[in-house]
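Structure file input_30.csv; described as CSV, C-alpha atoms and all ligand atoms.
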chain,number,residue,atom,x,y,z
A,764,MET,CA,7.4,-15.3,25.1
A,765,HIS,CA,7.5,-15.4,21.3
A,766,ARG,CA,10.9,-16.3,20.0
A,767,LEU,CA,11.5,-13.9,17.2
A,768,VAL,CA,14.2,-15.0,14.7
A,769,VAL,CA,14.4,-13.8,11.1
A,770,SER,CA,17.2,-14.9,8.8
A,771,GLY,CA,19.4,-15.8,11.8
A,772,THR,CA,18.8,-12.5,13.6
A,773,GLU,CA,17.1,-12.9,17.0
A,774,ALA,CA,15.4,-10.2,19.0
A,775,GLY,CA,15.0,-11.2,22.6
A,776,PRO,CA,12.3,-9.9,24.9
A,777,GLY,CA,12.3,-6.1,24.9
A,778,GLU,CA,14.9,-5.9,22.1
A,779,VAL,CA,15.1,-4.2,18.7
A,780,ARG,CA,17.5,-5.9,16.3
A,781,HIS,CA,18.5,-5.2,12.7
A,782,GLY,CA,19.2,-7.8,10.0
A,783,THR,CA,19.0,-8.6,6.3
A,784,VAL,CA,17.2,-11.1,4.2
A,785,ARG,CA,19.7,-12.3,1.7
A,786,VAL,CA,18.5,-12.8,-1.9
A,787,GLY,CA,21.7,-12.9,-4.0
A,788,ASN,CA,24.0,-10.4,-5.6
A,789,PHE,CA,24.3,-7.9,-8.4
A,790,ALA,CA,26.7,-8.4,-11.3
A,791,ASP,CA,29.5,-6.5,-9.6
A,792,GLY,CA,29.3,-8.6,-6.5
A,793,THR,CA,27.3,-6.1,-4.4
A,794,PRO,CA,25.0,-8.2,-2.2
A,795,LEU,CA,21.3,-8.1,-3.0
A,796,GLU,CA,19.8,-8.1,0.5
A,797,ILE,CA,16.7,-6.6,2.1
A,798,PRO,CA,17.1,-4.9,5.6
A,799,PHE,CA,14.5,-5.6,8.3
A,800,ILE,CA,14.0,-4.5,11.9
A,801,LEU,CA,12.7,-6.8,14.6
A,802,MET,CA,11.0,-5.4,17.7
A,803,ASN,CA,10.1,-8.0,20.2
A,804,GLY,CA,7.9,-7.1,23.2
A,805,THR,CA,8.2,-8.3,26.8
A,806,LYS,CA,4.8,-10.0,26.8
A,807,ASP,CA,3.0,-12.4,24.5
A,808,GLY,CA,0.9,-11.1,21.6
A,809,PRO,CA,0.5,-11.2,17.9
A,810,VAL,CA,3.2,-10.7,15.3
A,811,VAL,CA,2.6,-7.8,12.9
A,812,TYR,CA,4.5,-7.5,9.7
A,813,VAL,CA,4.7,-3.9,8.3
A,814,GLU,CA,6.4,-3.2,5.0
A,815,ALA,CA,6.9,-0.1,2.8
A,816,ALA,CA,8.2,0.7,-0.7
A,817,CYS,CA,7.3,-2.6,-2.3
A,818,HIS,CA,6.9,-0.1,-5.1
A,819,GLY,CA,10.2,1.6,-4.8
A,820,SER,CA,9.0,5.1,-5.3
A,821,GLU,CA,6.3,4.9,-2.6
A,822,ILE,CA,8.2,6.1,0.3
A,823,ASN,CA,5.8,7.7,2.9
A,824,GLY,CA,5.7,4.3,4.6
A,825,LEU,CA,9.5,4.4,5.1
A,826,GLU,CA,9.2,7.5,7.2
A,827,VAL,CA,6.2,6.0,9.0
A,828,ILE,CA,8.3,3.0,10.0
A,829,ARG,CA,11.2,5.2,11.1
A,830,ARG,CA,9.0,7.2,13.4
A,831,LEU,CA,7.4,4.1,14.8
A,832,VAL,CA,10.7,2.4,15.5
A,833,THR,CA,12.7,5.5,16.8
A,834,GLN,CA,9.9,7.5,18.5
A,835,GLU,CA,6.6,5.8,19.0
A,836,LEU,CA,7.0,2.2,20.0
A,837,ASP,CA,8.8,1.0,23.1
A,838,PRO,CA,9.6,-2.8,23.1
A,839,GLY,CA,9.7,-2.7,26.9
A,840,ARG,CA,6.0,-1.9,26.8
A,841,LEU,CA,5.0,-4.1,23.9
A,842,SER,CA,3.0,-7.3,23.9
A,843,GLY,CA,3.8,-9.3,20.8
A,844,ALA,CA,6.2,-8.3,18.1
A,845,PHE,CA,6.7,-6.3,14.9
A,846,ILE,CA,8.7,-7.2,11.8
A,847,PHE,CA,9.4,-4.1,9.8
A,848,VAL,CA,10.7,-3.9,6.3
A,849,PRO,CA,11.1,-0.2,5.5
A,850,VAL,CA,12.3,-0.7,1.9
A,851,THR,CA,10.9,-3.9,0.4
A,852,ASN,CA,11.9,-3.5,-3.2
A,853,VAL,CA,15.5,-2.2,-2.6
A,854,VAL,CA,16.3,-2.4,-6.3
A,855,ALA,CA,13.4,-0.2,-7.4
A,856,PHE,CA,14.0,2.2,-4.4
A,857,ASN,CA,17.6,2.7,-5.5
A,858,HIS,CA,16.4,3.6,-9.0
A,859,ARG,CA,13.6,5.8,-7.6
A,860,MET,CA,11.2,3.7,-9.6
A,861,GLY,CA,8.0,1.8,-8.8
A,862,HIS,CA,9.0,-1.4,-10.5
A,863,THR,CA,12.2,-3.4,-10.6
A,864,LEU,CA,14.4,-2.1,-13.5
A,865,PHE,CA,16.2,-5.4,-14.3
A,866,ASP,CA,13.1,-7.6,-14.8
A,867,GLN,CA,10.5,-4.9,-15.4
A,868,GLU,CA,8.4,-6.5,-12.8
A,869,ASN,CA,5.8,-5.1,-10.4
A,870,MET,CA,6.8,-6.7,-7.1
A,871,ASN,CA,3.3,-6.4,-5.8
A,872,ARG,CA,2.1,-8.9,-8.4
A,873,VAL,CA,4.5,-11.7,-7.7
A,874,TRP,CA,3.7,-12.7,-4.0
A,875,PRO,CA,4.6,-15.1,-2.5
A,876,GLY,CA,7.5,-15.1,-4.9
A,877,LYS,CA,9.4,-17.9,-6.5
A,878,GLN,CA,12.7,-19.4,-5.3
A,879,THR,CA,14.0,-20.0,-8.8
A,880,GLY,CA,12.3,-17.0,-10.4
A,881,GLY,CA,13.4,-13.6,-11.6
A,882,MET,CA,14.8,-10.9,-9.3
A,883,SER,CA,11.5,-9.6,-8.1
A,884,GLU,CA,10.1,-13.1,-7.5
A,885,ARG,CA,13.2,-14.0,-5.5
A,886,MET,CA,13.0,-10.9,-3.4
A,887,ALA,CA,9.4,-11.7,-2.6
A,888,TYR,CA,10.1,-15.3,-2.0
A,889,HIS,CA,12.8,-14.7,0.6
A,890,ILE,CA,10.8,-12.0,2.4
A,891,TRP,CA,7.7,-14.2,2.4
A,892,GLU,CA,9.6,-17.2,3.7
A,893,ASP,CA,11.7,-15.4,6.3
A,894,CYS,CA,9.5,-12.6,7.5
A,895,ILE,CA,5.8,-12.8,6.5
A,896,LYS,CA,5.2,-16.5,7.2
A,897,GLN,CA,5.6,-15.9,10.9
A,898,ALA,CA,3.3,-12.9,11.0
A,899,ASP,CA,-0.4,-13.0,12.0
A,900,TYR,CA,-1.2,-9.5,10.6
A,901,VAL,CA,0.2,-7.8,7.5
A,902,ILE,CA,0.2,-4.0,6.8
A,903,ASP,CA,1.5,-3.2,3.3
A,904,LEU,CA,2.2,0.6,3.1
A,905,HIS,CA,1.8,2.1,-0.4
A,906,THR,CA,1.2,5.5,-2.0
A,907,GLY,CA,-0.1,6.6,-5.4
A,908,ASN,CA,0.1,9.8,-7.4
A,909,SER,CA,-0.2,13.2,-5.9
A,910,THR,CA,-4.0,13.3,-6.2
A,911,LEU,CA,-4.7,9.9,-4.8
A,912,VAL,CA,-7.4,9.9,-2.0
A,913,PRO,CA,-5.8,8.4,1.1
A,914,HIS,CA,-7.5,5.1,1.7
A,915,VAL,CA,-7.1,1.6,3.1
A,916,VAL,CA,-7.8,-1.5,1.0
A,917,TYR,CA,-9.3,-4.5,2.7
A,918,MET,CA,-10.4,-7.9,1.5
A,919,ALA,CA,-14.1,-8.3,0.6
A,920,GLY,CA,-15.9,-10.7,2.9
A,921,LYS,CA,-13.2,-10.8,5.5
A,922,ALA,CA,-14.5,-9.2,8.7
A,923,ARG,CA,-11.1,-9.0,10.5
A,924,SER,CA,-9.5,-7.4,7.4
A,925,ARG,CA,-12.3,-4.9,7.2
A,926,GLU,CA,-12.1,-4.1,11.0
A,927,MET,CA,-8.4,-3.7,10.8
A,928,ALA,CA,-8.9,-1.2,7.9
A,929,LYS,CA,-11.4,0.7,9.9
A,930,VAL,CA,-9.2,0.7,12.9
A,931,PHE,CA,-6.4,2.2,10.8
A,932,GLY,CA,-8.4,5.4,11.1
A,933,ILE,CA,-8.5,6.8,7.5
A,934,GLU,CA,-11.9,7.8,6.2
A,935,VAL,CA,-12.0,6.0,2.8
A,936,LEU,CA,-12.1,2.2,2.9
A,937,VAL,CA,-11.7,0.3,-0.4
A,938,GLN,CA,-13.2,-3.1,-0.5
A,939,GLU,CA,-11.3,-5.4,-2.8
A,940,GLU,CA,-13.3,-8.1,-4.5
A,941,VAL,CA,-10.9,-10.9,-5.6
A,942,ASP,CA,-11.9,-11.5,-9.2
A,943,PRO,CA,-10.8,-14.9,-10.5
A,944,ALA,CA,-10.0,-13.2,-13.8
A,945,TRP,CA,-7.4,-11.0,-12.1
A,946,LYS,CA,-4.6,-13.5,-12.4
A,947,GLU,CA,-5.0,-13.3,-16.2
A,948,LYS,CA,-5.1,-9.5,-16.0
A,949,ARG,CA,-1.9,-9.5,-13.9
A,950,PHE,CA,-3.7,-8.1,-10.8
A,951,GLY,CA,-3.1,-11.3,-8.8
A,952,GLY,CA,0.0,-11.8,-6.6
A,953,LYS,CA,-0.7,-8.8,-4.4
A,954,LEU,CA,0.7,-9.1,-0.9
A,955,ARG,CA,-2.8,-8.5,0.6
A,956,ASN,CA,-4.4,-11.3,-1.4
A,957,THR,CA,-1.6,-13.7,-0.9
A,958,ALA,CA,-1.4,-13.1,2.9
A,959,ASP,CA,-5.2,-13.4,3.1
A,960,GLU,CA,-5.1,-16.7,1.3
A,961,ALA,CA,-2.4,-17.9,3.8
A,962,GLY,CA,-4.8,-17.2,6.7
A,963,LYS,CA,-3.3,-13.8,7.8
A,964,VAL,CA,-5.3,-10.6,8.3
A,965,ALA,CA,-4.1,-8.1,5.7
A,966,ILE,CA,-4.6,-4.5,4.7
A,967,CYS,CA,-3.0,-2.1,2.2
A,968,PRO,CA,-3.1,1.6,3.2
A,969,GLU,CA,-2.5,4.0,0.3
A,970,LEU,CA,-0.9,7.0,1.9
A,971,GLY,CA,-0.8,9.9,-0.5
A,972,GLY,CA,1.7,10.5,-3.3
A,973,ASN,CA,4.9,8.9,-4.6
A,974,GLN,CA,8.5,10.3,-4.4
A,975,ARG,CA,7.9,12.6,-1.5
A,976,PHE,CA,7.5,12.7,2.3
A,977,GLU,CA,4.0,14.2,2.9
A,978,GLU,CA,3.6,15.1,6.5
A,979,PRO,CA,-0.2,14.7,6.9
A,980,ARG,CA,0.0,11.2,5.3
A,981,ILE,CA,2.9,10.2,7.4
A,982,ILE,CA,1.0,11.2,10.6
A,983,GLU,CA,-2.0,9.2,9.4
A,984,GLY,CA,0.2,6.2,8.7
A,985,VAL,CA,1.9,6.4,12.1
A,986,ARG,CA,-1.5,6.7,13.8
A,987,GLY,CA,-2.8,3.9,11.7
A,988,VAL,CA,-0.2,1.4,12.8
A,989,LEU,CA,-0.4,2.5,16.4
A,990,ASN,CA,-4.2,2.1,16.1
A,991,VAL,CA,-3.8,-1.5,14.9
A,992,ALA,CA,-1.4,-2.1,17.8
A,993,ARG,CA,-4.0,-0.7,20.3
A,994,TRP,CA,-6.7,-2.8,18.7
A,995,LEU,CA,-4.6,-5.9,19.1
A,996,VAL,CA,-3.8,-4.9,22.7
A,997,MET,CA,-0.1,-4.8,21.9
A,998,ILE,CA,0.2,-1.4,23.4
A,999,ASP,CA,-2.0,0.7,25.8
A,1000,GLY,CA,-4.5,3.2,24.6
A,1001,GLN,CA,-7.7,3.7,22.7
A,1002,VAL,CA,-8.1,3.4,18.9
A,1003,GLU,CA,-8.6,6.8,17.3
A,1004,TYR,CA,-11.2,6.1,14.6
A,1005,ALA,CA,-12.0,8.4,11.7
A,1006,GLN,CA,-15.0,10.7,12.2
A,1007,ALA,CA,-16.9,9.1,9.3
A,1008,TYR,CA,-16.2,6.3,6.8
A,1009,ARG,CA,-17.0,5.8,3.2
A,1010,VAL,CA,-16.6,2.3,1.7
A,1011,VAL,CA,-15.9,2.1,-2.0
A,1012,GLN,CA,-15.4,-0.7,-4.4
A,1013,GLN,CA,-11.9,-1.4,-5.7
A,1014,ALA,CA,-11.2,0.9,-8.6
A,1015,HIS,CA,-9.1,-1.3,-10.9
A,1016,LEU,CA,-11.8,-1.7,-13.4
A,1017,THR,CA,-13.2,1.8,-13.3
A,1018,GLN,CA,-10.4,3.7,-15.0
A,1019,VAL,CA,-11.7,6.6,-17.1
A,1020,LYS,CA,-9.7,7.2,-20.2
A,1021,ALA,CA,-9.5,10.0,-22.7
A,1022,SER,CA,-10.6,9.3,-26.3
A,1023,LYS,CA,-9.0,12.4,-27.7
A,1024,GLY,CA,-5.5,13.5,-27.0
A,1025,GLY,CA,-4.9,17.1,-25.8
A,1026,ALA,CA,-4.8,19.1,-22.6
A,1027,LEU,CA,-7.0,18.3,-19.6
A,1028,ILE,CA,-9.0,20.8,-17.6
A,1029,PHE,CA,-10.5,19.1,-14.6
A,1030,ARG,CA,-14.1,20.0,-13.6
A,1031,VAL,CA,-13.9,17.9,-10.4
A,1032,LYS,CA,-11.3,17.3,-7.7
A,1033,SER,CA,-10.0,14.0,-6.4
A,1034,GLY,CA,-12.1,13.0,-3.4
A,1035,GLU,CA,-15.3,14.5,-4.9
A,1036,ARG,CA,-18.5,12.6,-5.1
A,1037,VAL,CA,-20.0,12.6,-8.7
A,1038,VAL,CA,-23.0,11.2,-10.6
A,1039,LYS,CA,-23.0,9.2,-13.7
A,1040,GLY,CA,-22.6,11.4,-16.8
A,1041,GLN,CA,-21.1,14.3,-14.9
A,1042,VAL,CA,-18.2,15.9,-16.7
A,1043,LEU,CA,-14.9,15.0,-15.0
A,1044,ALA,CA,-12.7,16.9,-17.4
A,1045,GLN,CA,-12.5,18.6,-20.7
A,1046,VAL,CA,-9.9,17.8,-23.3
A,1047,TYR,CA,-8.9,20.8,-25.4
A,1048,SER,CA,-6.8,21.1,-28.5
A,1049,PRO,CA,-3.4,22.8,-28.0
A,1050,ARG,CA,-3.6,23.8,-31.7
A,1051,ASP,CA,-6.8,25.9,-31.7
A,1052,PHE,CA,-8.1,25.5,-28.1
A,1053,SER,CA,-11.3,23.9,-29.2
A,1054,VAL,CA,-12.9,21.5,-26.8
A,1055,LEU,CA,-12.3,18.0,-28.2
A,1056,GLU,CA,-14.0,15.9,-25.6
A,1057,GLU,CA,-15.9,16.1,-22.3
A,1058,VAL,CA,-14.9,13.1,-20.3
A,1059,ALA,CA,-17.8,11.9,-18.3
A,1060,SER,CA,-18.0,9.7,-15.3
A,1061,PRO,CA,-19.3,6.2,-16.3
A,1062,MET,CA,-20.9,5.8,-12.8
A,1063,ASP,CA,-22.1,7.4,-9.6
A,1064,GLY,CA,-19.2,7.4,-7.1
A,1065,LEU,CA,-16.1,8.9,-5.7
A,1066,VAL,CA,-13.2,10.3,-7.7
A,1067,ILE,CA,-10.3,8.3,-6.3
A,1068,MET,CA,-7.6,10.0,-8.3
A,1069,THR,CA,-7.1,12.3,-11.3
A,1070,ALA,CA,-4.2,12.3,-13.8
A,1071,ASP,CA,-1.1,14.1,-12.5
A,1072,ASN,CA,-0.2,15.4,-15.9
A,1073,PRO,CA,-2.8,17.4,-17.9
A,1074,VAL,CA,-1.2,16.3,-21.2
A,1075,VAL,CA,-3.0,13.1,-22.4
A,1076,HIS,CA,-3.0,11.0,-25.5
A,1077,THR,CA,-5.9,8.9,-26.8
A,1078,GLY,CA,-6.5,6.0,-24.4
A,1079,GLU,CA,-4.6,7.5,-21.4
A,1080,LEU,CA,-6.0,7.7,-17.9
A,1081,VAL,CA,-8.0,10.8,-16.8
A,1082,ALA,CA,-9.4,9.6,-13.5
A,1083,MET,CA,-10.1,6.5,-11.4
A,1084,MET,CA,-13.5,6.0,-9.8
A,1085,GLY,CA,-14.9,4.0,-7.0
A,1086,ALA,CA,-18.5,3.0,-6.4
A,1087,ILE,CA,-19.7,4.1,-2.9
A,1088,LEU,CA,-21.1,0.9,-1.2
A,1089,GLU,CA,-21.7,2.3,2.3
A,1090,GLU,CA,-21.3,5.4,4.5
A,1091,PHE,CA,-21.3,5.4,8.2
B,1,ZN,ZN,2.1,0.7,-4.6

Now that the file is in, can you turn its structure into structure tokens?
Amino acid sequence: MHRLVVSGTEAGPGEVRHGTVRVGNFADGTPLEIPFILMNGTKDGPVVYVEAACHGSEINGLEVIRRLVTQELDPGRLSGAFIFVPVTNVVAFNHRMGHTLFDQENMNRVWPGKQTGGMSERMAYHIWEDCIKQADYVIDLHTGNSTLVPHVVYMAGKARSREMAKVFGIEVLVQEEVDPAWKEKRFGGKLRNTADEAGKVAICPELGGNQRFEEPRIIEGVRGVLNVARWLVMIDGQVEYAQAYRVVQQAHLTQVKASKGGALIFRVKSGERVVKGQVLAQVYSPRDFSVLEEVASPMDGLVIMTADNPVVHTGELVAMMGAILEEF
């Protein structure tokens, strides 16, 4: 039986236990600590780490974890263990923000953290050391804006990561190529990359929009984690795969931006397949309603998301694109 101890809290066989990772304190003395939930099975098996709200406004995963812990999973019938962190960036969560207010940091760019670093680095450091180091599998639950196509990010060239993403059961898989230049562009330090480099199998599901509980996305997230548990034979049952899959390339470098400021009228919807040169949106002048620009797709591919707010300035995001690599 796996001995499951995190920050001095131990969950025995068939037990669920709550504890906190201690990071420090706020100026007024309030402790800065991050709550976790341990669920230890009665039989041997892998350790799966599941976190949500590393970006504090991305909360669908919190509700996913609540349902898993209180309704779906039974430690008495579990092989292996789960370590759940429902609110990873507690500071950003309290401010209803994505990033940490006090250091202006994106916590998903600082993994595996730094013991003597800033607030976000220290939160990441203590979670990494106490929780993630003992996990074999990592599921980092995120969300995006309201138009984001639900998808699961996996690491390019890593068969287990890709299989885990497929098993999660969402139709769009995003293959993330680790670009050496990322670290300079501040795209490094993501949990999925860091966990992968540490020999763990990691995925990052993007489940719908921020600042809200979206029922269909929550259902997909619950099913996804249960599917992973079935795949790893931690629980009984068959994996429920998606009907069809589309594999697209990571969309960081394919942001489409407006050259003219104005108001956007979209000609396509998020999730639509488009060809190079196809008009994604028109920008019109709020002064005389003339069309100032037709924003065209720079590539064949899938529209991953569109701007939430139709008011754009020069240089602001209109849409994100992904190149379709494979369909099956
Ligand atoms: Zn996020």

Please give me, as a list in words, the residues lying within 7 Å of ligand ZN 1 (chain B) when counting all atoms listed in the file.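 Residues satisfying the distance criterion: Cys817, His818, Glu821, His905, Thr906 and Gly907 of chain A.
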
Considering all atoms listed in the file, can you say which of A:Val901, A:Val850, A:Leu911, A:Val1075 comes closest to Asn973 of chain A?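 Counting all atoms listed in the file, the residue closest to Asn973 of chain A is A:Leu911.
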
Using all atoms listed in the file, which of the listed residues (A:Glu940, A:Glu778, A:Glu1079, A:Glu892) sits closest to Ala1026 of chain A?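 That would be A:Glu1079, the residue with the smallest distance to Ala1026 of chain A.
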
Nearest residue to Pro1073 of chain A out of A:Asn871, A:Ser1060, A:Asn990, A:Gln1045, using only C-alpha atoms?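 Between A:Asn871, A:Ser1060, A:Asn990, A:Gln1045, the residue approaching Pro1073 of chain A most closely is A:Gln1045.
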
Do you have, as a Markdown table, the list of residues of segment 948-1010 of chain A lying at most 12 Å from segment 823-847 of chain A, each with its nearest atom pair and that distance in Å to one decimal, counting all atoms listed in the file and ordered by chain then number?
| residue | atom | partner | partner_atom | distance |
| --- | --- | --- | --- | --- |
| A:Cys967 | CA | A:Gly824 | CA | 11.1 |
| A:Pro968 | CA | A:Gly824 | CA | 9.3 |
| A:Glu969 | CA | A:Gly824 | CA | 9.3 |
| A:Leu970 | CA | A:Asn823 | CA | 6.8 |
| A:Gly971 | CA | A:Asn823 | CA | 7.7 |
| A:Gly972 | CA | A:Asn823 | CA | 7.9 |
| A:Asn973 | CA | A:Asn823 | CA | 7.6 |
| A:Gln974 | CA | A:Asn823 | CA | 8.2 |
| A:Arg975 | CA | A:Asn823 | CA | 6.9 |
| A:Phe976 | CA | A:Asn823 | CA | 5.3 |
| A:Glu977 | CA | A:Asn823 | CA | 6.7 |
| A:Glu978 | CA | A:Asn823 | CA | 8.5 |
| A:Pro979 | CA | A:Asn823 | CA | 10.0 |
| A:Arg980 | CA | A:Asn823 | CA | 7.2 |
| A:Ile981 | CA | A:Val827 | CA | 5.6 |
| A:Ile982 | CA | A:Val827 | CA | 7.5 |
| A:Glu983 | CA | A:Val827 | CA | 8.8 |
| A:Gly984 | CA | A:Val827 | CA | 6.0 |
| A:Val985 | CA | A:Val827 | CA | 5.3 |
| A:Arg986 | CA | A:Val827 | CA | 9.1 |
| A:Gly987 | CA | A:Val827 | CA | 9.6 |
| A:Val988 | CA | A:Leu831 | CA | 8.3 |
| A:Leu989 | CA | A:Leu831 | CA | 8.1 |
| A:Asn990 | CA | A:Glu835 | CA | 11.8 |
| A:Val991 | CA | A:Phe845 | CA | 11.5 |
| A:Ala992 | CA | A:Leu841 | CA | 9.1 |
| A:Arg993 | CA | A:Leu841 | CA | 10.3 |
| A:Trp994 | CA | A:Ser842 | CA | 11.9 |
| A:Leu995 | CA | A:Ser842 | CA | 9.1 |
| A:Val996 | CA | A:Ser842 | CA | 7.3 |
| A:Met997 | CA | A:Ser842 | CA | 4.5 |
| A:Ile998 | CA | A:Leu841 | CA | 5.5 |
| A:Asp999 | CA | A:Arg840 | CA | 8.5 |
| A:Gly1000 | CA | A:Arg840 | CA | 11.9 |

Taking (-16.5, 7.4, -4.1) as a centre in this file's frame and 8 Å as the limit, can you find every polymer residue with an atom that close, using only C-alpha atoms, and give them as number ranges by chain? A: 1009-1011, 1034-1037, 1063-1067, 1084-1087

Using all atoms listed in the file, can you list as a PyMOL selection string the residues within 12 Å of (-16.1, 18.3, -22.0)? chain A and resi 1021-1023+1025-1031+1040-1048+1053-1060

Between A:Thr1077, A:Ser883, A:Asn908, A:Gln878, which is the closest to Gly1024 of chain A once you count only C-alpha atoms?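 Counting only C-alpha atoms, the residue closest to Gly1024 of chain A is A:Thr1077.
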
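Put simply, atom CA of Leu1088 of chain A is 13.7 Å away from atom CA of Val916 of chain A.
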
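One finds atom CA of Glu934 of chain A at 20.4 Å from atom CA of Val813 of chain A.
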